[in-house]
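Colleague: Contents of start34.cif (mmCIF, N, CA and C atoms):
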data_entry
loop_
_atom_site.group_PDB
_atom_site.id
_atom_site.type_symbol
_atom_site.label_atom_id
_atom_site.label_comp_id
_atom_site.auth_asym_id
_atom_site.auth_seq_id
_atom_site.Cartn_x
_atom_site.Cartn_y
_atom_site.Cartn_z
ATOM 1 N N ASP A 1338 0.834 -1.185 0.000
ATOM 2 C CA ASP A 1338 0.000 0.000 0.000
ATOM 3 C C ASP A 1338 0.878 1.248 0.000
ATOM 4 N N ARG A 1339 0.343 2.345 -0.546
ATOM 5 C CA ARG A 1339 1.040 3.632 -0.499
ATOM 6 C C ARG A 1339 0.043 4.690 -0.057
ATOM 7 N N ASP A 1340 0.540 5.611 0.779
ATOM 8 C CA ASP A 1340 -0.339 6.702 1.198
ATOM 9 C C ASP A 1340 -0.254 7.830 0.179
ATOM 10 N N VAL A 1341 -0.901 8.964 0.449
ATOM 11 C CA VAL A 1341 -0.965 10.055 -0.524
ATOM 12 C C VAL A 1341 0.389 10.692 -0.799
ATOM 13 N N THR A 1342 1.370 10.526 0.065
ATOM 14 C CA THR A 1342 2.699 11.094 -0.172
ATOM 15 C C THR A 1342 3.563 10.164 -0.999
ATOM 16 N N GLY A 1343 3.068 8.964 -1.301
ATOM 17 C CA GLY A 1343 3.833 8.009 -2.059
ATOM 18 C C GLY A 1343 4.721 7.126 -1.201
ATOM 19 N N VAL A 1344 4.664 7.300 0.111
ATOM 20 C CA VAL A 1344 5.474 6.495 1.023
ATOM 21 C C VAL A 1344 4.795 5.151 1.220
ATOM 22 N N GLN A 1345 5.584 4.107 1.132
ATOM 23 C CA GLN A 1345 5.017 2.771 1.311
ATOM 24 C C GLN A 1345 4.579 2.598 2.761
ATOM 25 N N THR A 1346 3.413 2.043 2.957
ATOM 26 C CA THR A 1346 2.873 1.800 4.289
ATOM 27 C C THR A 1346 2.491 0.333 4.403
ATOM 28 N N CYS A 1347 2.288 -0.101 5.613
ATOM 29 C CA CYS A 1347 1.795 -1.454 5.814
ATOM 30 C C CYS A 1347 0.776 -1.427 6.943
ATOM 31 N N ALA A 1348 -0.153 -2.318 6.888
ATOM 32 C CA ALA A 1348 -1.175 -2.402 7.925
ATOM 33 C C ALA A 1348 -0.680 -3.311 9.036
ATOM 34 N N LEU A 1349 -0.725 -2.814 10.259
ATOM 35 C CA LEU A 1349 -0.352 -3.622 11.417
ATOM 36 C C LEU A 1349 -1.597 -3.967 12.204
ATOM 37 N N PRO A 1350 -1.650 -5.149 12.767
ATOM 38 C CA PRO A 1350 -2.812 -5.486 13.596
ATOM 39 C C PRO A 1350 -2.845 -4.597 14.838
ATOM 40 N N ILE A 1351 -4.028 -4.136 15.213
ATOM 41 C CA ILE A 1351 -4.140 -3.287 16.406
ATOM 42 C C ILE A 1351 -4.906 -3.975 17.518
ATOM 43 N N SER A 1352 -5.274 -5.213 17.306
ATOM 44 C CA SER A 1352 -5.972 -5.946 18.360
ATOM 45 C C SER A 1352 -5.120 -7.136 18.787
ATOM 46 N N GLY A 1353 -5.568 -7.798 19.802
ATOM 47 C CA GLY A 1353 -4.837 -8.947 20.319
ATOM 48 C C GLY A 1353 -4.208 -8.613 21.658
ATOM 49 N N ARG A 1354 -3.525 -9.584 22.220
ATOM 50 C CA ARG A 1354 -2.863 -9.359 23.498
ATOM 51 C C ARG A 1354 -1.621 -10.219 23.578
ATOM 52 N N ARG A 1355 -0.772 -9.864 24.506
ATOM 53 C CA ARG A 1355 0.460 -10.597 24.741
ATOM 54 C C ARG A 1355 0.509 -10.995 26.204
ATOM 55 N N VAL A 1356 1.060 -12.164 26.478
ATOM 56 C CA VAL A 1356 1.219 -12.639 27.851
ATOM 57 C C VAL A 1356 2.692 -12.958 28.052
ATOM 58 N N LEU A 1357 3.281 -12.368 29.095
ATOM 59 C CA LEU A 1357 4.681 -12.600 29.432
ATOM 60 C C LEU A 1357 4.739 -13.167 30.839
ATOM 61 N N VAL A 1358 5.588 -14.155 31.045
ATOM 62 C CA VAL A 1358 5.770 -14.737 32.369
ATOM 63 C C VAL A 1358 7.233 -14.576 32.743
ATOM 64 N N GLY A 1359 7.470 -14.042 33.946
ATOM 65 C CA GLY A 1359 8.833 -13.872 34.430
ATOM 66 C C GLY A 1359 9.052 -14.659 35.704
ATOM 67 N N VAL A 1360 10.233 -15.250 35.812
ATOM 68 C CA VAL A 1360 10.613 -15.995 37.007
ATOM 69 C C VAL A 1360 12.004 -15.513 37.421
ATOM 70 N N VAL A 1361 12.150 -15.170 38.702
ATOM 71 C CA VAL A 1361 13.466 -14.801 39.236
ATOM 72 C C VAL A 1361 13.777 -15.711 40.412
ATOM 73 N N THR A 1362 15.065 -15.973 40.595
ATOM 74 C CA THR A 1362 15.514 -16.829 41.686
ATOM 75 C C THR A 1362 16.638 -16.119 42.427
ATOM 76 N N ASN A 1363 16.554 -16.066 43.751
ATOM 77 C CA ASN A 1363 17.612 -15.430 44.529
ATOM 78 C C ASN A 1363 18.701 -16.450 44.863
ATOM 79 N N GLY A 1364 19.739 -15.998 45.562
ATOM 80 C CA GLY A 1364 20.859 -16.856 45.893
ATOM 81 C C GLY A 1364 20.502 -18.037 46.770
ATOM 82 N N SER A 1365 19.381 -17.953 47.487
ATOM 83 C CA SER A 1365 18.938 -19.047 48.353
ATOM 84 C C SER A 1365 18.053 -20.044 47.617
ATOM 85 N N GLY A 1366 17.818 -19.782 46.317
ATOM 86 C CA GLY A 1366 16.982 -20.684 45.538
ATOM 87 C C GLY A 1366 15.497 -20.385 45.610
ATOM 88 N N GLU A 1367 15.116 -19.295 46.272
ATOM 89 C CA GLU A 1367 13.699 -18.919 46.352
ATOM 90 C C GLU A 1367 13.280 -18.259 45.045
ATOM 91 N N ASN A 1368 12.076 -18.585 44.584
ATOM 92 C CA ASN A 1368 11.555 -18.065 43.318
ATOM 93 C C ASN A 1368 10.433 -17.061 43.546
ATOM 94 N N ALA A 1369 10.317 -16.120 42.616
ATOM 95 C CA ALA A 1369 9.157 -15.243 42.513
ATOM 96 C C ALA A 1369 8.735 -15.278 41.052
ATOM 97 N N ARG A 1370 7.417 -15.361 40.816
ATOM 98 C CA ARG A 1370 6.902 -15.444 39.456
ATOM 99 C C ARG A 1370 5.755 -14.470 39.281
ATOM 100 N N ALA A 1371 5.653 -13.921 38.075
ATOM 101 C CA ALA A 1371 4.544 -13.028 37.753
ATOM 102 C C ALA A 1371 4.191 -13.166 36.280
ATOM 103 N N ARG A 1372 2.939 -12.864 35.982
ATOM 104 C CA ARG A 1372 2.454 -12.857 34.601
ATOM 105 C C ARG A 1372 1.966 -11.449 34.296
ATOM 106 N N VAL A 1373 2.408 -10.902 33.160
ATOM 107 C CA VAL A 1373 1.947 -9.596 32.699
ATOM 108 C C VAL A 1373 1.212 -9.807 31.385
ATOM 109 N N THR A 1374 0.006 -9.299 31.318
ATOM 110 C CA THR A 1374 -0.789 -9.336 30.099
ATOM 111 C C THR A 1374 -0.863 -7.918 29.560
ATOM 112 N N THR A 1375 -0.625 -7.762 28.263
ATOM 113 C CA THR A 1375 -0.675 -6.436 27.641
ATOM 114 C C THR A 1375 -1.518 -6.493 26.387
ATOM 115 N N GLY A 1376 -1.756 -5.329 25.830
ATOM 116 C CA GLY A 1376 -2.430 -5.244 24.543
ATOM 117 C C GLY A 1376 -1.492 -5.661 23.427
ATOM 118 N N GLN A 1377 -1.871 -5.395 22.210
ATOM 119 C CA GLN A 1377 -1.105 -5.772 21.027
ATOM 120 C C GLN A 1377 0.303 -5.181 21.098
ATOM 121 N N GLY A 1378 1.308 -5.976 20.778
ATOM 122 C CA GLY A 1378 2.705 -5.602 20.969
ATOM 123 C C GLY A 1378 3.162 -4.356 20.246
ATOM 124 N N ASN A 1379 2.820 -4.196 18.966
ATOM 125 C CA ASN A 1379 3.255 -3.013 18.221
ATOM 126 C C ASN A 1379 2.620 -1.744 18.762
ATOM 127 N N VAL A 1380 1.360 -1.818 19.120
ATOM 128 C CA VAL A 1380 0.673 -0.656 19.679
ATOM 129 C C VAL A 1380 1.276 -0.296 21.026
ATOM 130 N N LEU A 1381 1.499 -1.287 21.878
ATOM 131 C CA LEU A 1381 2.100 -1.042 23.189
ATOM 132 C C LEU A 1381 3.486 -0.422 23.049
ATOM 133 N N THR A 1382 4.294 -0.927 22.130
ATOM 134 C CA THR A 1382 5.631 -0.377 21.922
ATOM 135 C C THR A 1382 5.556 1.094 21.534
ATOM 136 N N ALA A 1383 4.652 1.427 20.641
ATOM 137 C CA ALA A 1383 4.501 2.828 20.221
ATOM 138 C C ALA A 1383 4.028 3.702 21.384
ATOM 139 N N GLN A 1384 3.034 3.229 22.127
ATOM 140 C CA GLN A 1384 2.517 4.017 23.253
ATOM 141 C C GLN A 1384 3.590 4.221 24.321
ATOM 142 N N ALA A 1385 4.317 3.163 24.644
ATOM 143 C CA ALA A 1385 5.367 3.269 25.665
ATOM 144 C C ALA A 1385 6.488 4.190 25.186
ATOM 145 N N GLY A 1386 6.859 4.095 23.929
ATOM 146 C CA GLY A 1386 7.894 4.967 23.384
ATOM 147 C C GLY A 1386 7.523 6.432 23.468
ATOM 148 N N VAL A 1387 6.278 6.748 23.145
ATOM 149 C CA VAL A 1387 5.808 8.137 23.232
ATOM 150 C C VAL A 1387 5.806 8.603 24.685
ATOM 151 N N GLU A 1388 5.348 7.757 25.597
ATOM 152 C CA GLU A 1388 5.308 8.129 27.013
ATOM 153 C C GLU A 1388 6.721 8.330 27.568
ATOM 154 N N ILE A 1389 7.640 7.465 27.184
ATOM 155 C CA ILE A 1389 9.027 7.612 27.640
ATOM 156 C C ILE A 1389 9.625 8.899 27.083
ATOM 157 N N ALA A 1390 9.404 9.181 25.813
ATOM 158 C CA ALA A 1390 9.917 10.423 25.219
ATOM 159 C C ALA A 1390 9.341 11.641 25.932
ATOM 160 N N ARG A 1391 8.051 11.605 26.252
ATOM 161 C CA ARG A 1391 7.417 12.709 26.970
ATOM 162 C C ARG A 1391 8.098 12.936 28.312
ATOM 163 N N ARG A 1392 8.379 11.853 29.019
ATOM 164 C CA ARG A 1392 9.014 11.958 30.330
ATOM 165 C C ARG A 1392 10.463 12.435 30.225
ATOM 166 N N VAL A 1393 11.172 11.983 29.207
ATOM 167 C CA VAL A 1393 12.558 12.434 29.015
ATOM 168 C C VAL A 1393 12.581 13.937 28.767
ATOM 169 N N VAL A 1394 11.695 14.426 27.909
ATOM 170 C CA VAL A 1394 11.622 15.866 27.634
ATOM 171 C C VAL A 1394 11.289 16.636 28.909
ATOM 172 N N ALA A 1395 10.505 16.031 29.792
ATOM 173 C CA ALA A 1395 10.135 16.671 31.063
ATOM 174 C C ALA A 1395 11.245 16.560 32.108
ATOM 175 N N GLY A 1396 12.354 15.902 31.749
ATOM 176 C CA GLY A 1396 13.477 15.794 32.678
ATOM 177 C C GLY A 1396 13.464 14.556 33.541
ATOM 178 N N GLU A 1397 12.525 13.654 33.326
ATOM 179 C CA GLU A 1397 12.452 12.413 34.108
ATOM 180 C C GLU A 1397 13.329 11.363 33.433
ATOM 181 N N VAL A 1398 14.624 11.426 33.711
ATOM 182 C CA VAL A 1398 15.569 10.538 33.028
ATOM 183 C C VAL A 1398 16.738 10.238 33.958
ATOM 184 N N LYS A 1399 17.328 9.071 33.793
ATOM 185 C CA LYS A 1399 18.552 8.692 34.497
ATOM 186 C C LYS A 1399 19.630 8.470 33.448
ATOM 187 N N ALA A 1400 20.854 8.809 33.775
ATOM 188 C CA ALA A 1400 21.964 8.628 32.839
ATOM 189 C C ALA A 1400 22.277 7.149 32.658
ATOM 190 N N GLY A 1401 22.762 6.796 31.485
ATOM 191 C CA GLY A 1401 23.178 5.429 31.215
ATOM 192 C C GLY A 1401 22.020 4.555 30.771
ATOM 193 N N PHE A 1402 22.352 3.309 30.478
ATOM 194 C CA PHE A 1402 21.332 2.355 30.039
ATOM 195 C C PHE A 1402 20.390 2.034 31.186
ATOM 196 N N GLN A 1403 19.113 2.107 30.931
ATOM 197 C CA GLN A 1403 18.080 1.785 31.921
ATOM 198 C C GLN A 1403 16.912 1.120 31.203
ATOM 199 N N THR A 1404 16.272 0.194 31.867
ATOM 200 C CA THR A 1404 15.012 -0.329 31.350
ATOM 201 C C THR A 1404 13.903 0.611 31.807
ATOM 202 N N PRO A 1405 12.759 0.618 31.134
ATOM 203 C CA PRO A 1405 11.671 1.482 31.577
ATOM 204 C C PRO A 1405 11.276 1.243 33.037
ATOM 205 N N SER A 1406 11.281 -0.007 33.481
ATOM 206 C CA SER A 1406 10.869 -0.268 34.868
ATOM 207 C C SER A 1406 11.903 0.232 35.872
ATOM 208 N N LEU A 1407 13.184 0.247 35.508
ATOM 209 C CA LEU A 1407 14.197 0.785 36.422
ATOM 210 C C LEU A 1407 14.073 2.297 36.561
ATOM 211 N N VAL A 1408 13.715 2.978 35.478
ATOM 212 C CA VAL A 1408 13.589 4.432 35.522
ATOM 213 C C VAL A 1408 12.237 4.854 36.097
ATOM 214 N N TYR A 1409 11.165 4.223 35.662
ATOM 215 C CA TYR A 1409 9.813 4.684 35.990
ATOM 216 C C TYR A 1409 9.047 3.760 36.930
ATOM 217 N N GLY A 1410 9.674 2.702 37.388
ATOM 218 C CA GLY A 1410 9.064 1.821 38.367
ATOM 219 C C GLY A 1410 8.400 0.604 37.752
ATOM 220 N N PRO A 1411 8.167 -0.415 38.576
ATOM 221 C CA PRO A 1411 7.610 -1.666 38.073
ATOM 222 C C PRO A 1411 6.173 -1.557 37.565
ATOM 223 N N ASP A 1412 5.480 -0.483 37.921
ATOM 224 C CA ASP A 1412 4.091 -0.317 37.479
ATOM 225 C C ASP A 1412 3.972 0.500 36.190
ATOM 226 N N PHE A 1413 5.089 0.906 35.606
ATOM 227 C CA PHE A 1413 5.052 1.714 34.372
ATOM 228 C C PHE A 1413 4.167 1.072 33.318
ATOM 229 N N ILE A 1414 4.316 -0.200 33.098
ATOM 230 C CA ILE A 1414 3.582 -0.911 32.054
ATOM 231 C C ILE A 1414 2.077 -0.917 32.303
ATOM 232 N N LEU A 1415 1.684 -0.807 33.567
ATOM 233 C CA LEU A 1415 0.265 -0.946 33.917
ATOM 234 C C LEU A 1415 -0.594 0.241 33.502
ATOM 235 N N GLN A 1416 0.028 1.351 33.118
ATOM 236 C CA GLN A 1416 -0.757 2.521 32.707
ATOM 237 C C GLN A 1416 -1.358 2.374 31.311
ATOM 238 N N PHE A 1417 -0.922 1.386 30.558
ATOM 239 C CA PHE A 1417 -1.387 1.231 29.190
ATOM 240 C C PHE A 1417 -2.600 0.310 29.136
ATOM 241 N N GLU A 1418 -3.516 0.650 28.237
ATOM 242 C CA GLU A 1418 -4.775 -0.086 28.121
ATOM 243 C C GLU A 1418 -4.533 -1.571 27.939
ATOM 244 N N GLY A 1419 -5.240 -2.373 28.711
ATOM 245 C CA GLY A 1419 -5.158 -3.822 28.605
ATOM 246 C C GLY A 1419 -4.031 -4.456 29.403
ATOM 247 N N ALA A 1420 -3.225 -3.633 30.088
ATOM 248 C CA ALA A 1420 -2.087 -4.190 30.842
ATOM 249 C C ALA A 1420 -2.521 -4.579 32.248
ATOM 250 N N ALA A 1421 -2.062 -5.739 32.686
ATOM 251 C CA ALA A 1421 -2.351 -6.221 34.039
ATOM 252 C C ALA A 1421 -1.205 -7.121 34.482
ATOM 253 N N ARG A 1422 -0.964 -7.157 35.795
ATOM 254 C CA ARG A 1422 0.068 -8.023 36.341
ATOM 255 C C ARG A 1422 -0.558 -8.902 37.400
ATOM 256 N N GLU A 1423 -0.132 -10.164 37.419
ATOM 257 C CA GLU A 1423 -0.631 -11.117 38.402
ATOM 258 C C GLU A 1423 0.569 -11.836 39.013
ATOM 259 N N GLU A 1424 0.670 -11.788 40.330
ATOM 260 C CA GLU A 1424 1.719 -12.541 41.025
ATOM 261 C C GLU A 1424 1.320 -14.017 40.991
ATOM 262 N N LEU A 1425 2.253 -14.888 40.654
ATOM 263 C CA LEU A 1425 1.976 -16.312 40.573
ATOM 264 C C LEU A 1425 2.638 -17.025 41.755
ATOM 265 N N LYS A 1426 2.046 -18.124 42.181
ATOM 266 C CA LYS A 1426 2.610 -18.896 43.298
ATOM 267 C C LYS A 1426 3.479 -20.011 42.787
#
Show the structure stored in the file as structure tokens.
Modeller:
Amino acid sequence: DRDVTGVQTCALPISGRRVLVGVVTNGSGENARARVTTGQGNVLTAQAGVEIARRVVAGEVKAGFQTPSLVYGPDFILQFEGAAREELK
């Protein structure tokens, strides 16, 4: 497909969801597990990127490599539509 400017475009799905499961183990062998459900991956990536850019422009930034959760906290992902976290046993 091409838009009116002649630039090639492609249609991305905007529905669906993603489920991620994380497991961490400490030095004593104890585990913690959680499941995060989000909306469609491409849409979430775009929304998170815009939100991170907004915060960087506002001065909410740490120097060096950081993940979004290290800079903005573990609940950063939960502000986006369809995102939820569940602690697993």
Colleague: So which residues get picked by the PyMOL selection byres (((chain A and resi 1398-1415 and name CA) around 10) and name CA) here, written as a PyMOL selection string?
Modeller: chain A and resi 1373-1375+1381+1385-1386+1388-1390+1392-1397+1416-1422
Colleague: Please dump the current selection as a short mmCIF file (atom, residue, chain, number, x, y, z; two decimals), in the coordinates of the input; keep N, CA and C atoms.
Modeller:
data_model
loop_
_atom_site.label_atom_id
_atom_site.label_comp_id
_atom_site.auth_asym_id
_atom_site.auth_seq_id
_atom_site.Cartn_x
_atom_site.Cartn_y
_atom_site.Cartn_z
N VAL A 1373 2.41 -10.90 33.16
CA VAL A 1373 1.95 -9.60 32.70
C VAL A 1373 1.21 -9.81 31.38
N THR A 1374 0.01 -9.30 31.32
CA THR A 1374 -0.79 -9.34 30.10
C THR A 1374 -0.86 -7.92 29.56
N THR A 1375 -0.62 -7.76 28.26
CA THR A 1375 -0.68 -6.44 27.64
C THR A 1375 -1.52 -6.49 26.39
N LEU A 1381 1.50 -1.29 21.88
CA LEU A 1381 2.10 -1.04 23.19
C LEU A 1381 3.49 -0.42 23.05
N ALA A 1385 4.32 3.16 24.64
CA ALA A 1385 5.37 3.27 25.66
C ALA A 1385 6.49 4.19 25.19
N GLY A 1386 6.86 4.10 23.93
CA GLY A 1386 7.89 4.97 23.38
C GLY A 1386 7.52 6.43 23.47
N GLU A 1388 5.35 7.76 25.60
CA GLU A 1388 5.31 8.13 27.01
C GLU A 1388 6.72 8.33 27.57
N ILE A 1389 7.64 7.46 27.18
CA ILE A 1389 9.03 7.61 27.64
C ILE A 1389 9.62 8.90 27.08
N ALA A 1390 9.40 9.18 25.81
CA ALA A 1390 9.92 10.42 25.22
C ALA A 1390 9.34 11.64 25.93
N ARG A 1392 8.38 11.85 29.02
CA ARG A 1392 9.01 11.96 30.33
C ARG A 1392 10.46 12.44 30.22
N VAL A 1393 11.17 11.98 29.21
CA VAL A 1393 12.56 12.43 29.02
C VAL A 1393 12.58 13.94 28.77
N VAL A 1394 11.70 14.43 27.91
CA VAL A 1394 11.62 15.87 27.63
C VAL A 1394 11.29 16.64 28.91
N ALA A 1395 10.50 16.03 29.79
CA ALA A 1395 10.14 16.67 31.06
C ALA A 1395 11.24 16.56 32.11
N GLY A 1396 12.35 15.90 31.75
CA GLY A 1396 13.48 15.79 32.68
C GLY A 1396 13.46 14.56 33.54
N GLU A 1397 12.52 13.65 33.33
CA GLU A 1397 12.45 12.41 34.11
C GLU A 1397 13.33 11.36 33.43
N GLN A 1416 0.03 1.35 33.12
CA GLN A 1416 -0.76 2.52 32.71
C GLN A 1416 -1.36 2.37 31.31
N PHE A 1417 -0.92 1.39 30.56
CA PHE A 1417 -1.39 1.23 29.19
C PHE A 1417 -2.60 0.31 29.14
N GLU A 1418 -3.52 0.65 28.24
CA GLU A 1418 -4.78 -0.09 28.12
C GLU A 1418 -4.53 -1.57 27.94
N GLY A 1419 -5.24 -2.37 28.71
CA GLY A 1419 -5.16 -3.82 28.60
C GLY A 1419 -4.03 -4.46 29.40
N ALA A 1420 -3.22 -3.63 30.09
CA ALA A 1420 -2.09 -4.19 30.84
C ALA A 1420 -2.52 -4.58 32.25
N ALA A 1421 -2.06 -5.74 32.69
CA ALA A 1421 -2.35 -6.22 34.04
C ALA A 1421 -1.20 -7.12 34.48
N ARG A 1422 -0.96 -7.16 35.80
CA ARG A 1422 0.07 -8.02 36.34
C ARG A 1422 -0.56 -8.90 37.40
#
Colleague: Using the chain letters and numbers from the file, give me the residues hit by the PyMOL selection byres ((chain A and resi 1371) around 8), as a list of chain:residue names.
Modeller: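 Taken over the shown coordinates, the PyMOL selection byres ((chain A and resi 1371) around 8) returns A:Leu1357, A:Val1358, A:Gly1359, A:Val1360, A:Val1361, A:Asn1368, A:Ala1369, A:Arg1370, A:Arg1372, A:Val1373, A:Thr1374, A:Arg1422, A:Glu1423, A:Glu1424, A:Leu1425, A:Lys1426.
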Colleague: Would you save the residues of that selection, restricted to N, CA and C atoms, as a PDB file, in the coordinates of the input?
Modeller:
ATOM      1  N   LEU A1357       3.281 -12.368  29.095  1.00  0.00           N
ATOM      2  CA  LEU A1357       4.681 -12.600  29.432  1.00  0.00           C
ATOM      3  C   LEU A1357       4.739 -13.167  30.839  1.00  0.00           C
ATOM      4  N   VAL A1358       5.588 -14.155  31.045  1.00  0.00           N
ATOM      5  CA  VAL A1358       5.770 -14.737  32.369  1.00  0.00           C
ATOM      6  C   VAL A1358       7.233 -14.576  32.743  1.00  0.00           C
ATOM      7  N   GLY A1359       7.470 -14.042  33.946  1.00  0.00           N
ATOM      8  CA  GLY A1359       8.833 -13.872  34.430  1.00  0.00           C
ATOM      9  C   GLY A1359       9.052 -14.659  35.704  1.00  0.00           C
ATOM     10  N   VAL A1360      10.233 -15.250  35.812  1.00  0.00           N
ATOM     11  CA  VAL A1360      10.613 -15.995  37.007  1.00  0.00           C
ATOM     12  C   VAL A1360      12.004 -15.513  37.421  1.00  0.00           C
ATOM     13  N   VAL A1361      12.150 -15.170  38.702  1.00  0.00           N
ATOM     14  CA  VAL A1361      13.466 -14.801  39.236  1.00  0.00           C
ATOM     15  C   VAL A1361      13.777 -15.711  40.412  1.00  0.00           C
ATOM     16  N   ASN A1368      12.076 -18.585  44.584  1.00  0.00           N
ATOM     17  CA  ASN A1368      11.555 -18.065  43.318  1.00  0.00           C
ATOM     18  C   ASN A1368      10.433 -17.061  43.546  1.00  0.00           C
ATOM     19  N   ALA A1369      10.317 -16.120  42.616  1.00  0.00           N
ATOM     20  CA  ALA A1369       9.157 -15.243  42.513  1.00  0.00           C
ATOM     21  C   ALA A1369       8.735 -15.278  41.052  1.00  0.00           C
ATOM     22  N   ARG A1370       7.417 -15.361  40.816  1.00  0.00           N
ATOM     23  CA  ARG A1370       6.902 -15.444  39.456  1.00  0.00           C
ATOM     24  C   ARG A1370       5.755 -14.470  39.281  1.00  0.00           C
ATOM     25  N   ARG A1372       2.939 -12.864  35.982  1.00  0.00           N
ATOM     26  CA  ARG A1372       2.454 -12.857  34.601  1.00  0.00           C
ATOM     27  C   ARG A1372       1.966 -11.449  34.296  1.00  0.00           C
ATOM     28  N   VAL A1373       2.408 -10.902  33.160  1.00  0.00           N
ATOM     29  CA  VAL A1373       1.947  -9.596  32.699  1.00  0.00           C
ATOM     30  C   VAL A1373       1.212  -9.807  31.385  1.00  0.00           C
ATOM     31  N   THR A1374       0.006  -9.299  31.318  1.00  0.00           N
ATOM     32  CA  THR A1374      -0.789  -9.336  30.099  1.00  0.00           C
ATOM     33  C   THR A1374      -0.863  -7.918  29.560  1.00  0.00           C
ATOM     34  N   ARG A1422      -0.964  -7.157  35.795  1.00  0.00           N
ATOM     35  CA  ARG A1422       0.068  -8.023  36.341  1.00  0.00           C
ATOM     36  C   ARG A1422      -0.558  -8.902  37.400  1.00  0.00           C
ATOM     37  N   GLU A1423      -0.132 -10.164  37.419  1.00  0.00           N
ATOM     38  CA  GLU A1423      -0.631 -11.117  38.402  1.00  0.00           C
ATOM     39  C   GLU A1423       0.569 -11.836  39.013  1.00  0.00           C
ATOM     40  N   GLU A1424       0.670 -11.788  40.330  1.00  0.00           N
ATOM     41  CA  GLU A1424       1.719 -12.541  41.025  1.00  0.00           C
ATOM     42  C   GLU A1424       1.320 -14.017  40.991  1.00  0.00           C
ATOM     43  N   LEU A1425       2.253 -14.888  40.654  1.00  0.00           N
ATOM     44  CA  LEU A1425       1.976 -16.312  40.573  1.00  0.00           C
ATOM     45  C   LEU A1425       2.638 -17.025  41.755  1.00  0.00           C
ATOM     46  N   LYS A1426       2.046 -18.124  42.181  1.00  0.00           N
ATOM     47  CA  LYS A1426       2.610 -18.896  43.298  1.00  0.00           C
ATOM     48  C   LYS A1426       3.479 -20.011  42.787  1.00  0.00           C
TER      49      LYS A1426
END
Colleague: To one decimal place, how far is CA of Thr1382 (chain A) from atom C of Thr1362 (chain A) in Å?
Modeller: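 The value is 28.1 Å.
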Colleague: Mind checking DSSP for region 1342-1422 of chain A and telling me the helix (DSSP H, G or I) residues as a list in words?
Modeller: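 Across region 1342-1422 of chain A, those assigned helix (DSSP H, G or I) are Gly1378, Asn1379, Val1380, Leu1381, Thr1382, Ala1383, Gln1384, Ala1385, Gly1386, Val1387, Glu1388, Ile1389, Ala1390, Arg1391, Arg1392, Val1393, Val1394, Pro1405, Ser1406, Leu1407, Val1408, Tyr1409, Phe1413, Ile1414, Leu1415 and Gln1416 of chain A.
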Colleague: Could you tell me how far atom N of Arg1391 (chain A) sits from CA of Gly1353 (chain A), in Å to one decimal place?
Modeller: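 Answer for the CA of Gly1353 (chain A) to atom N of Arg1391 (chain A) separation: 25.0 Å.
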Colleague: What parts of chain A does DSSP call strand (DSSP E or B)? I'd like the answer as a list in words.
Modeller: Arg1339, Gln1345, Arg1354, Arg1355, Val1356, Leu1357, Val1358, Gly1359, Val1360, Val1361, Thr1362, Asn1368, Ala1369, Arg1370, Ala1371, Arg1372, Val1373, Thr1374, Thr1375, Gly1376, Ala1421, Arg1422, Glu1423, Glu1424 and Leu1425 of chain A
Colleague: Which value, in Å to one decimal, gives the distance between CA of Asn1379 (chain A) and atom C of Arg1355 (chain A)?
Modeller: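 About the pair CA of Asn1379 (chain A) and atom C of Arg1355 (chain A): they are 11.6 Å apart.
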